[in-house]
file structure12.txt (compact mmCIF, C-alpha atoms)
# COMPACT_ATOMS: atom_id res chain seq x y z
CA MET A 25 13.01 -6.12 15.02
CA GLU A 26 13.78 -5.08 18.58
CA PRO A 27 14.72 -8.00 20.89
CA GLN A 28 11.82 -7.25 23.25
CA ALA A 29 9.30 -7.17 20.39
CA LYS A 30 10.77 -10.38 19.01
CA ARG A 31 10.41 -12.11 22.38
CA ARG A 32 6.82 -10.91 22.63
CA LYS A 33 5.97 -12.36 19.24
CA GLU A 34 7.63 -15.66 20.18
CA MET A 35 5.57 -15.81 23.36
CA ASP A 36 2.44 -15.21 21.31
CA GLY A 37 3.27 -18.21 19.15
CA TYR A 38 4.37 -16.26 16.07
CA ASN A 39 7.81 -17.85 16.03
CA PRO A 40 7.56 -20.84 13.66
CA GLU A 41 10.18 -22.64 15.75
CA SER A 42 7.88 -22.61 18.80
CA TRP A 43 5.25 -24.98 17.39
CA ASP A 44 5.10 -28.14 15.31
CA ILE A 45 2.72 -29.24 12.58
CA LEU A 46 1.65 -32.78 13.37
CA PRO A 47 -0.57 -35.09 11.32
CA VAL A 48 -3.86 -36.40 12.69
CA LEU A 49 -3.66 -40.04 11.65
CA SER A 50 -6.27 -42.78 11.64
CA ASP A 51 -6.69 -45.02 14.68
CA GLU A 52 -5.02 -47.84 12.75
CA GLN A 53 -1.97 -45.66 12.22
CA SER A 54 -1.78 -44.19 15.71
CA GLN A 55 -2.89 -46.96 18.08
CA ASP A 56 -0.54 -49.20 20.05
CA THR A 57 0.41 -52.48 18.46
CA GLU A 58 -1.93 -55.33 19.43
CA LEU A 59 -0.08 -58.49 20.43
CA LEU A 60 -0.93 -62.17 20.09
CA PRO A 61 0.59 -64.97 22.22
CA ALA A 62 2.38 -67.59 20.14
CA TYR A 63 4.60 -70.59 20.67
CA ALA A 64 8.17 -70.33 19.45
CA ALA A 65 11.00 -72.84 19.65
CA PRO A 66 14.80 -72.75 19.27
CA ILE A 67 16.24 -74.14 16.05
CA ILE A 68 18.96 -76.52 17.20
CA GLU A 69 20.57 -77.07 13.82
CA LYS A 70 20.80 -73.90 11.72
CA ARG A 71 21.13 -75.90 8.49
CA GLU A 72 17.68 -77.41 9.14
CA THR A 73 15.97 -74.01 9.10
CA SER A 74 14.48 -74.18 5.59
CA ARG A 75 13.04 -77.64 6.16
CA LEU A 76 11.56 -76.71 9.52
CA VAL A 77 9.93 -73.55 8.13
CA ARG A 78 8.37 -75.51 5.24
CA GLU A 79 6.99 -78.18 7.58
CA LEU A 80 5.64 -75.67 10.11
CA SER A 81 4.02 -73.62 7.35
CA LEU A 82 2.07 -76.69 6.25
CA ILE A 83 0.92 -77.57 9.78
CA TYR A 84 0.38 -74.00 11.03
CA PRO A 85 0.21 -71.56 8.06
CA LEU A 86 -0.54 -68.46 10.24
CA PRO A 87 -3.22 -66.88 7.99
CA GLY A 88 -3.46 -63.11 8.20
CA LEU A 89 0.02 -62.83 9.70
CA GLN A 90 2.04 -62.45 6.52
CA HIS A 91 3.85 -59.51 8.10
CA ILE A 92 5.44 -61.82 10.70
CA LYS A 93 8.89 -63.12 9.93
CA ARG A 94 8.76 -66.78 10.88
CA VAL A 95 12.38 -66.94 12.05
CA ARG A 96 14.38 -64.52 14.15
CA ALA A 97 18.05 -64.33 15.05
CA CYS A 98 18.99 -64.55 18.72
CA LYS A 99 21.90 -62.89 20.47
CA ASN A 100 23.52 -64.28 23.59
CA SER A 101 21.79 -67.61 23.13
CA PRO A 102 23.15 -71.15 22.64
CA HIS A 103 20.82 -71.40 19.63
CA PRO A 104 21.27 -68.67 16.97
CA LEU A 105 17.72 -68.89 15.59
CA GLU A 106 14.15 -69.21 16.88
CA VAL A 107 11.02 -69.98 14.89
CA ILE A 108 7.31 -69.32 15.37
CA VAL A 109 5.54 -72.66 15.69
CA CYS A 110 1.89 -71.59 16.05
CA LEU A 111 -0.50 -69.29 17.89
CA VAL A 112 -1.42 -70.26 21.43
CA LYS A 113 -5.11 -70.25 20.50
CA ASP A 114 -4.49 -72.91 17.83
CA VAL A 115 -3.63 -75.69 20.29
CA PRO A 116 -5.60 -77.30 23.14
CA GLU A 117 -4.93 -75.96 26.63
CA VAL A 118 -2.53 -78.13 28.63
CA THR A 119 -3.79 -78.85 32.14
CA ASP A 120 -1.16 -81.21 33.56
CA GLY A 121 0.99 -78.33 34.76
CA LYS A 122 4.06 -79.59 32.88
CA GLY A 123 3.88 -77.05 30.10
CA VAL A 124 3.43 -77.49 26.37
CA THR A 125 5.73 -79.84 24.46
CA LEU A 126 6.34 -80.22 20.74
CA ALA A 127 4.24 -83.37 20.87
CA ASP A 128 1.34 -81.32 22.22
CA LEU A 129 1.77 -79.08 19.20
CA SER A 130 1.79 -82.08 16.84
CA VAL A 131 5.25 -81.11 15.64
CA ASP A 132 8.18 -83.44 15.01
CA SER A 133 10.82 -82.70 17.65
CA GLY A 134 13.68 -83.27 15.24
CA GLY A 135 15.70 -80.05 14.95
CA LEU A 136 13.67 -78.02 17.48
CA GLY A 137 14.09 -77.26 21.16
CA GLU A 138 11.35 -76.95 23.77
CA PRO A 139 8.62 -74.42 22.92
CA PHE A 140 8.01 -71.22 24.84
CA ILE A 141 5.52 -68.36 24.62
CA VAL A 142 6.28 -65.08 22.85
CA GLN A 143 4.16 -62.07 21.91
CA ILE A 144 3.89 -61.23 18.21
CA PRO A 145 2.24 -58.21 16.48
CA ALA A 146 -1.32 -59.01 15.39
CA THR A 147 -1.36 -56.48 12.54
CA PRO A 148 1.30 -55.07 10.21
CA PRO A 149 2.87 -51.81 11.40
CA LEU A 150 1.74 -48.76 9.42
CA THR A 151 4.10 -46.17 10.91
CA ARG A 152 7.68 -46.22 12.08
CA PRO A 153 6.73 -45.85 15.79
CA GLN A 154 4.48 -48.91 15.43
CA PHE A 155 7.27 -50.79 13.64
CA GLU A 156 9.80 -49.98 16.34
CA LYS A 157 7.45 -51.15 19.09
CA ALA A 158 6.49 -54.29 17.18
CA SER A 159 10.12 -55.20 16.50
CA LYS A 160 10.85 -55.30 20.21
CA HIS A 161 8.57 -58.34 20.42
CA TRP A 162 9.19 -60.12 17.11
CA PRO A 163 10.57 -59.12 13.68
CA THR A 164 7.98 -57.93 11.15
CA SER A 165 8.02 -56.63 7.60
CA PHE A 166 7.40 -52.91 7.19
CA HIS A 167 6.63 -50.84 4.11
CA GLU A 168 7.41 -47.33 5.27
CA ASP A 169 5.53 -44.25 4.14
CA LYS A 170 8.34 -41.72 4.42
CA GLN A 171 5.92 -38.79 4.25
CA ILE A 172 4.15 -40.00 7.38
CA THR A 173 7.48 -40.60 9.11
CA SER A 174 8.57 -37.04 8.34
CA ALA A 175 5.19 -35.68 9.43
CA LEU A 176 5.32 -37.47 12.80
CA LYS A 177 8.71 -35.89 13.40
CA GLY A 178 7.33 -32.45 12.53
CA GLN A 179 9.63 -32.34 9.49
CA LEU A 180 7.16 -32.63 6.62
CA PHE A 181 7.14 -28.91 5.84
CA THR A 182 10.15 -26.76 4.98
CA ALA A 183 10.90 -23.53 6.82
CA THR A 184 9.50 -21.57 3.87
CA GLN A 185 6.30 -23.64 3.83
CA LYS A 186 5.93 -23.27 7.58
CA ALA A 187 6.26 -19.50 7.32
CA LYS A 188 3.49 -19.49 4.70
CA ILE A 189 1.30 -21.68 6.93
CA GLN A 190 1.87 -19.18 9.73
CA GLU A 191 0.81 -16.36 7.43
CA TYR A 192 -2.50 -18.07 6.66
CA MET A 193 -3.21 -18.96 10.29
CA THR A 194 -2.41 -15.40 11.32
CA ALA A 195 -5.19 -14.26 8.98
CA ALA A 196 -7.52 -16.75 10.67
CA VAL A 197 -6.51 -15.43 14.10
CA GLN A 198 -7.24 -11.87 13.00
CA ALA A 199 -10.66 -12.95 11.73
CA ALA A 200 -11.35 -14.65 15.07
CA LYS A 201 -10.55 -11.44 16.90
CA SER A 202 -12.83 -9.46 14.57
CA GLY A 203 -15.67 -11.84 15.34
CA GLN A 204 -14.97 -11.68 19.04
CA GLU A 205 -15.26 -7.89 18.94
CA ARG A 206 -18.80 -8.40 17.59
CA GLY A 207 -19.79 -10.75 20.39
CA MET A 208 -19.06 -13.99 18.55
CA ASP A 209 -16.97 -16.95 19.63
CA ALA A 210 -13.31 -16.30 18.90
CA VAL A 211 -12.91 -18.72 16.00
CA GLY A 212 -11.53 -17.74 12.62
CA ALA A 213 -10.89 -19.58 9.39
CA VAL A 214 -9.43 -18.99 5.95
CA ILE A 215 -9.57 -21.07 2.78
CA VAL A 216 -6.47 -20.99 0.59
CA ASP A 217 -5.68 -21.99 -2.97
CA PRO A 218 -2.26 -23.64 -2.47
CA GLU A 219 -1.39 -23.40 -6.18
CA SER A 220 -1.66 -19.63 -6.32
CA GLU A 221 -0.87 -19.23 -2.59
CA GLN A 222 -3.83 -16.85 -2.38
CA ILE A 223 -6.44 -16.64 0.37
CA VAL A 224 -9.80 -17.40 -1.25
CA ALA A 225 -12.15 -16.73 1.69
CA VAL A 226 -11.95 -15.44 5.25
CA GLY A 227 -14.62 -16.06 7.89
CA HIS A 228 -15.26 -15.97 11.59
CA ASP A 229 -17.91 -17.43 13.85
CA CYS A 230 -21.31 -15.82 13.23
CA LYS A 231 -23.65 -18.24 14.97
CA ASN A 232 -24.54 -15.75 17.71
CA GLY A 233 -25.64 -13.28 15.07
CA SER A 234 -26.85 -14.32 11.64
CA HIS A 235 -27.56 -18.06 12.09
CA PRO A 236 -26.95 -20.73 14.77
CA LEU A 237 -25.16 -22.96 12.23
CA HIS A 238 -22.78 -20.27 11.07
CA HIS A 239 -19.56 -21.64 12.51
CA ALA A 240 -16.41 -20.08 11.05
CA VAL A 241 -15.79 -23.07 8.78
CA MET A 242 -19.37 -23.06 7.49
CA VAL A 243 -19.12 -19.33 6.74
CA CYS A 244 -15.94 -19.85 4.72
CA ILE A 245 -17.44 -22.71 2.69
CA ASP A 246 -20.55 -20.65 1.95
CA LEU A 247 -18.43 -17.71 0.86
CA VAL A 248 -16.52 -19.90 -1.58
CA ALA A 249 -19.80 -21.33 -2.88
CA CYS A 250 -21.14 -17.81 -3.33
CA GLY A 251 -18.03 -16.88 -5.29
CA GLN A 252 -18.79 -19.80 -7.61
CA GLY A 253 -22.37 -18.77 -8.27
CA GLY A 254 -23.98 -20.53 -5.30
CA GLY A 255 -24.01 -19.79 -1.59
CA ALA A 256 -26.99 -19.19 0.63
CA TYR A 257 -26.26 -16.23 2.90
CA ASN A 258 -25.09 -12.64 2.87
CA TYR A 259 -22.33 -11.48 5.20
CA ASP A 260 -22.26 -7.77 4.40
CA ARG A 261 -22.69 -6.84 8.07
CA TYR A 262 -19.53 -8.78 8.90
CA PRO A 263 -16.77 -7.01 6.93
CA ALA A 264 -14.12 -9.47 8.13
CA CYS A 265 -16.02 -12.30 6.39
CA ARG A 266 -15.18 -12.00 2.73
CA TYR A 267 -14.47 -13.79 -0.50
CA SER A 268 -11.11 -12.58 -1.75
CA ARG A 269 -12.15 -12.20 -5.39
CA GLN A 270 -14.51 -9.38 -4.48
CA GLU A 271 -15.77 -8.62 -7.99
CA SER A 272 -16.57 -12.28 -8.60
CA PHE A 273 -18.24 -12.41 -5.21
CA ARG A 274 -20.52 -9.45 -5.94
CA ASN A 275 -21.45 -10.59 -9.42
CA SER A 276 -22.15 -14.21 -8.51
CA CYS A 277 -24.22 -13.30 -5.48
CA LYS A 278 -26.54 -11.23 -7.71
CA ASP A 279 -27.43 -14.36 -9.63
CA VAL A 280 -26.97 -17.60 -7.74
CA ASN A 281 -28.31 -19.44 -10.82
CA GLU A 282 -25.31 -18.37 -12.88
CA LYS A 283 -24.01 -21.22 -14.99
CA ASP A 284 -20.61 -22.86 -14.73
CA THR A 285 -17.97 -20.38 -13.57
CA GLY A 286 -15.07 -22.60 -14.57
CA LEU A 287 -14.00 -22.83 -10.93
CA PRO A 288 -13.50 -26.16 -9.12
CA TYR A 289 -16.38 -27.65 -7.14
CA ILE A 290 -16.53 -25.52 -3.97
CA CYS A 291 -13.29 -26.35 -2.11
CA THR A 292 -11.72 -28.92 -4.43
CA GLY A 293 -7.93 -28.60 -4.14
CA TYR A 294 -8.16 -25.93 -1.44
CA ASP A 295 -6.71 -25.87 2.09
CA LEU A 296 -8.47 -24.72 5.26
CA TYR A 297 -6.77 -22.99 8.17
CA VAL A 298 -8.91 -22.69 11.31
CA THR A 299 -7.98 -21.61 14.82
CA ARG A 300 -10.04 -24.32 16.56
CA GLU A 301 -10.58 -27.97 15.66
CA PRO A 302 -13.79 -28.30 13.61
CA CYS A 303 -16.91 -29.96 15.03
CA VAL A 304 -18.76 -32.87 13.37
CA MET A 305 -21.02 -30.57 11.35
CA CYS A 306 -18.11 -28.57 9.97
CA ALA A 307 -16.07 -31.71 9.33
CA MET A 308 -18.86 -33.25 7.26
CA ALA A 309 -19.31 -29.98 5.37
CA LEU A 310 -15.60 -30.14 4.51
CA VAL A 311 -16.06 -33.69 3.24
CA HIS A 312 -18.92 -32.62 0.98
CA SER A 313 -17.08 -29.52 -0.25
CA ARG A 314 -14.03 -31.64 -1.20
CA ILE A 315 -11.41 -29.82 0.86
CA SER A 316 -7.85 -31.04 0.28
CA ARG A 317 -6.12 -30.34 3.62
CA VAL A 318 -7.08 -28.91 7.01
CA PHE A 319 -4.70 -27.16 9.42
CA TYR A 320 -5.94 -26.23 12.88
CA GLY A 321 -4.43 -24.71 15.97
CA ALA A 322 -6.24 -25.57 19.22
CA SER A 323 -8.00 -28.83 19.94
CA SER A 324 -11.66 -28.89 20.98
CA VAL A 325 -13.38 -31.21 23.47
CA ASP A 326 -15.94 -32.20 20.83
CA GLY A 327 -13.50 -31.92 17.94
CA ALA A 328 -14.13 -34.19 14.97
CA MET A 329 -10.59 -34.25 13.60
CA GLY A 330 -8.63 -36.07 16.23
CA THR A 331 -10.00 -35.32 19.69
CA LYS A 332 -13.41 -37.02 19.83
CA TYR A 333 -13.81 -38.25 16.25
CA LYS A 334 -11.72 -38.58 13.10
CA ILE A 335 -14.22 -37.83 10.37
CA HIS A 336 -11.48 -37.38 7.77
CA CYS A 337 -10.38 -41.00 8.25
CA GLN A 338 -13.77 -42.68 7.83
CA LYS A 339 -13.37 -45.30 5.12
CA ASP A 340 -17.05 -45.34 4.15
CA LEU A 341 -17.05 -41.68 3.08
CA ASN A 342 -16.58 -40.81 -0.59
CA HIS A 343 -13.91 -38.18 0.14
CA ARG A 344 -11.05 -38.04 2.62
CA PHE A 345 -8.46 -35.37 3.29
CA GLU A 346 -5.32 -34.73 5.32
CA VAL A 347 -5.48 -33.02 8.70
CA PHE A 348 -2.67 -31.33 10.62
CA LYS A 349 -2.82 -29.84 14.10
CA GLY A 350 -0.73 -27.60 16.34
CA VAL A 351 -0.33 -24.58 14.05
CA MET A 352 0.36 -21.53 16.25
CA ILE A 353 -1.17 -23.54 19.06
CA LYS A 354 -0.46 -21.10 21.92
CA THR A 355 -2.03 -18.19 20.05
CA CYS A 356 -5.07 -20.26 19.10
CA GLU A 357 -5.53 -21.61 22.63
CA ALA A 358 -5.33 -18.06 23.98
CA LEU A 359 -8.34 -17.14 21.84
CA ILE A 360 -10.41 -19.82 23.59
CA ARG A 361 -9.43 -18.62 27.06
CA LYS A 362 -10.43 -14.99 26.42

call {"tool": "encode", "arguments": {"input": "structure12.txt", "output": "structure tokens"}}
result
Amino acid sequence: MEPQAKRRKEMDGYNPESWDILPVLSDEQSQDTELLPAYAAPIIEKRETSRLVRELSLIYPLPGLQHIKRVRACKNSPHPLEVIVCLVKDVPEVTDGKGVTLADLSVDSGGLGEPFIVQIPATPPLTRPQFEKASKHWPTSFHEDKQITSALKGQLFTATQKAKIQEYMTAAVQAAKSGQERGMDAVGAVIVDPESEQIVAVGHDCKNGSHPLHHAVMVCIDLVACGQGGGAYNYDRYPACRYSRQESFRNSCKDVNEKDTGLPYICTGYDLYVTREPCVMCAMALVHSRISRVFYGASSVDGAMGTKYKIHCQKDLNHRFEVFKGVMIKTCEALIRK
């Protein structure tokens, strides 16, 4: 490839090194660590540590804070260890202006120094960034999900996988452009079977033409359903919207009452690639169609997969799926601006 052509493709976002694939995590996984004020005290005699921890655990058991390590080591301090005594909210407020003493905390002063206030994490860290922030305040236990750690670093996918992801999103971009040429919003989507690495369906926005609810994602889902003997609409006037198994598509659409095709329920096990973050309607349709993973490029103001809502993380739904953003982001954002 000529250097100038290569630079042009990189500017367009076709260089896999120019964008990252980042996970869209739940609020619990992505929010800042909430802190609680607590009283801690120096342990004067290190050999008394076990006894002090046992006694404090009986007086102040700290329910719901099992992730907190009761004792921490101290550097550059006359006392090598400090221990959590209790939460600030668990003791009466002192109004004499002299500060809280161990007697105020109903704790035997033997083996402990004067208490002081520290901030401790209210909930266990779920990701490494949360753990690192929490540990700056007080030591906590952490059971790391290495897949999430790799994903947050943009290292979850290999170079080969990333090139394949780019291939699928490029097909979605091309579909978006085809729809745009027909007066539709420039949004494209493809559904992929990751086992066979084959594109199952390609769709673009059709809501300005065939139906107001025909967003690109909805079109793709309907095409897959049609290929399995269901589906509700015909997209013959939009040649870029297609089910990849064309013979199956034609046969099944002739008889939507056809019995079991042997195919999985709509999008079970499939991946979606879409140029723009799906809205609430499309997100819920993906839940009901049992999609496995969603990859999108540009964020949307009313997006339901990270920007405004996180439908895929709702615990009361009967199906959840993984979502990744940022795929060919510059190219996908350029579609919106046109």

call {"tool": "atom_distance", "arguments": {"input": "structure12.txt", "atom1": "atom CA of Tyr297 of chain A", "atom2": "atom CA of Val216 of chain A"}}
result
7.8 Å

call {"tool": "residues_around", "arguments": {"input": "structure12.txt", "residues": "segment 304-307 of chain A", "least_positions_apart": "4", "cutoff": "7 Å", "atoms": "all atoms listed in the file", "output": "list in words"}}
result
Val241, Met242, Val311, Ala328 and Ile335 of chain A

call {"tool": "residues_around", "arguments": {"input": "structure12.txt", "residues": "Gly330 of chain A", "least_positions_apart": "3", "cutoff": "12 Å", "atoms": "all atoms listed in the file", "output": "MDAnalysis selection string"}}
result
chainID A and resid 46:51 54 300:304 307 318:320 322:327 333:338 346:350

call {"tool": "closest_residue", "arguments": {"input": "structure12.txt", "among": "A:Val115, A:Gly251, A:Leu176, A:Ala240", "to": "Ser202 of chain A", "atoms": "only C-alpha atoms"}}
result
A:Ala240

call {"tool": "residues_near_point", "arguments": {"input": "structure12.txt", "point": "(8.3, -81.9, 19.1)", "cutoff": "9 Å", "atoms": "all atoms listed in the file", "output": "list in words"}}
result
Thr125, Leu126, Ala127, Asp128, Leu129, Ser130, Val131, Asp132, Ser133, Gly134, Gly135, Leu136, Gly137, Glu138 and Pro139 of chain A

call {"tool": "closest_residue", "arguments": {"input": "structure12.txt", "among": "A:Ser313, A:Tyr267, A:Asp56, A:Ser42", "to": "Gln154 of chain A", "atoms": "all atoms listed in the file"}}
result
A:Asp56

call {"tool": "atom_distance", "arguments": {"input": "structure12.txt", "atom1": "atom CA of Ser220 of chain A", "atom2": "atom CA of Trp43 of chain A"}}
result
25.3 Å

call {"tool": "closest_residue", "arguments": {"input": "structure12.txt", "among": "A:Tyr262, A:Tyr294, A:Tyr257, A:Phe166", "to": "Gln90 of chain A", "atoms": "all atoms listed in the file"}}
result
A:Phe166

call {"tool": "closest_residue", "arguments": {"input": "structure12.txt", "among": "A:Ser268, A:Thr57, A:Ser174, A:Gln179", "to": "Thr147 of chain A", "atoms": "all atoms listed in the file"}}
result
A:Thr57

call {"tool": "axis_aligned_box", "arguments": {"input": "structure12.txt", "around": "segment 157-166 of chain A", "padding_each_side": "8 Å", "output": "JSON"}}
result
{"center_x": 8.7, "center_y": -55.6, "center_z": 13.8, "size_x": 20.4, "size_y": 25.0, "size_z": 29.2}

call {"tool": "closest_residue", "arguments": {"input": "structure12.txt", "among": "A:Lys339, A:Leu150, A:Lys188, A:Arg344", "to": "Met308 of chain A", "atoms": "only C-alpha atoms"}}
result
A:Arg344

call {"tool": "residues_around", "arguments": {"input": "structure12.txt", "residues": "Ser316 of chain A", "least_positions_apart": "3", "cutoff": "6 Å", "atoms": "only C-alpha atoms", "output": "list in words"}}
result
Gly293, Tyr294, Asp295 and Phe345 of chain A

call {"tool": "residues_around", "arguments": {"input": "structure12.txt", "residues": "Phe155 of chain A", "least_positions_apart": "4", "cutoff": "9 Å", "atoms": "all atoms listed in the file", "output": "list of chain:residue names"}}
result
A:Thr57, A:Pro148, A:Pro149, A:Leu150, A:Thr151, A:Ser159, A:Lys160, A:Pro163, A:Thr164, A:Ser165, A:Phe166

call {"tool": "atom_distance", "arguments": {"input": "structure12.txt", "atom1": "atom CA of His343 of chain A", "atom2": "atom CA of Arg314 of chain A"}}
result
6.7 Å

call {"tool": "decode", "arguments": {"input": "structure12.txt", "residues": "segment 70-88 of chain A", "atoms": "N, CA and C atoms", "output": "mmCIF file, in the first residue's frame"}}
result
data_model
loop_
_atom_site.group_PDB
_atom_site.id
_atom_site.type_symbol
_atom_site.label_atom_id
_atom_site.label_comp_id
_atom_site.auth_asym_id
_atom_site.auth_seq_id
_atom_site.Cartn_x
_atom_site.Cartn_y
_atom_site.Cartn_z
ATOM 1 N N LYS A 70 2.959 -4.630 69.187
ATOM 2 C CA LYS A 70 2.647 -5.472 68.037
ATOM 3 C C LYS A 70 2.201 -6.862 68.450
ATOM 4 N N ARG A 71 2.778 -7.402 69.546
ATOM 5 C CA ARG A 71 2.437 -8.748 69.970
ATOM 6 C C ARG A 71 1.013 -8.861 70.512
ATOM 7 N N GLU A 72 0.375 -7.720 70.763
ATOM 8 C CA GLU A 72 -0.996 -7.708 71.262
ATOM 9 C C GLU A 72 -2.033 -7.653 70.136
ATOM 10 N N THR A 73 -1.574 -7.675 68.908
ATOM 11 C CA THR A 73 -2.464 -7.465 67.761
ATOM 12 C C THR A 73 -3.613 -8.465 67.708
ATOM 13 N N SER A 74 -3.326 -9.738 67.832
ATOM 14 C CA SER A 74 -4.381 -10.762 67.732
ATOM 15 C C SER A 74 -5.449 -10.563 68.799
ATOM 16 N N ARG A 75 -5.010 -10.291 70.027
ATOM 17 C CA ARG A 75 -5.973 -10.080 71.112
ATOM 18 C C ARG A 75 -6.840 -8.867 70.845
ATOM 19 N N LEU A 76 -6.220 -7.783 70.423
ATOM 20 C CA LEU A 76 -6.962 -6.552 70.174
ATOM 21 C C LEU A 76 -7.992 -6.735 69.053
ATOM 22 N N VAL A 77 -7.607 -7.435 67.997
ATOM 23 C CA VAL A 77 -8.530 -7.664 66.879
ATOM 24 C C VAL A 77 -9.718 -8.498 67.339
ATOM 25 N N ARG A 78 -9.470 -9.538 68.152
ATOM 26 C CA ARG A 78 -10.563 -10.369 68.654
ATOM 27 C C ARG A 78 -11.534 -9.545 69.499
ATOM 28 N N GLU A 79 -10.989 -8.725 70.392
ATOM 29 C CA GLU A 79 -11.832 -7.927 71.287
ATOM 30 C C GLU A 79 -12.627 -6.882 70.504
ATOM 31 N N LEU A 80 -11.981 -6.218 69.557
ATOM 32 C CA LEU A 80 -12.679 -5.200 68.761
ATOM 33 C C LEU A 80 -13.758 -5.837 67.883
ATOM 34 N N SER A 81 -13.500 -7.031 67.393
ATOM 35 C CA SER A 81 -14.482 -7.702 66.536
ATOM 36 C C SER A 81 -15.741 -8.066 67.311
ATOM 37 N N LEU A 82 -15.590 -8.310 68.601
ATOM 38 C CA LEU A 82 -16.757 -8.600 69.437
ATOM 39 C C LEU A 82 -17.555 -7.343 69.735
ATOM 40 N N ILE A 83 -16.850 -6.232 69.992
ATOM 41 C CA ILE A 83 -17.526 -4.978 70.333
ATOM 42 C C ILE A 83 -18.091 -4.309 69.075
ATOM 43 N N TYR A 84 -17.270 -4.244 68.037
ATOM 44 C CA TYR A 84 -17.656 -3.606 66.766
ATOM 45 C C TYR A 84 -17.354 -4.581 65.620
ATOM 46 N N PRO A 85 -18.288 -5.447 65.259
ATOM 47 C CA PRO A 85 -18.024 -6.479 64.246
ATOM 48 C C PRO A 85 -17.930 -5.982 62.798
ATOM 49 N N LEU A 86 -18.341 -4.740 62.526
ATOM 50 C CA LEU A 86 -18.283 -4.166 61.165
ATOM 51 C C LEU A 86 -19.032 -5.021 60.135
ATOM 52 N N PRO A 87 -20.338 -5.228 60.316
ATOM 53 C CA PRO A 87 -21.108 -6.036 59.354
ATOM 54 C C PRO A 87 -21.133 -5.394 57.970
ATOM 55 N N GLY A 88 -21.032 -6.233 56.957
ATOM 56 C CA GLY A 88 -21.058 -5.732 55.582
ATOM 57 C C GLY A 88 -19.738 -5.174 55.098
#
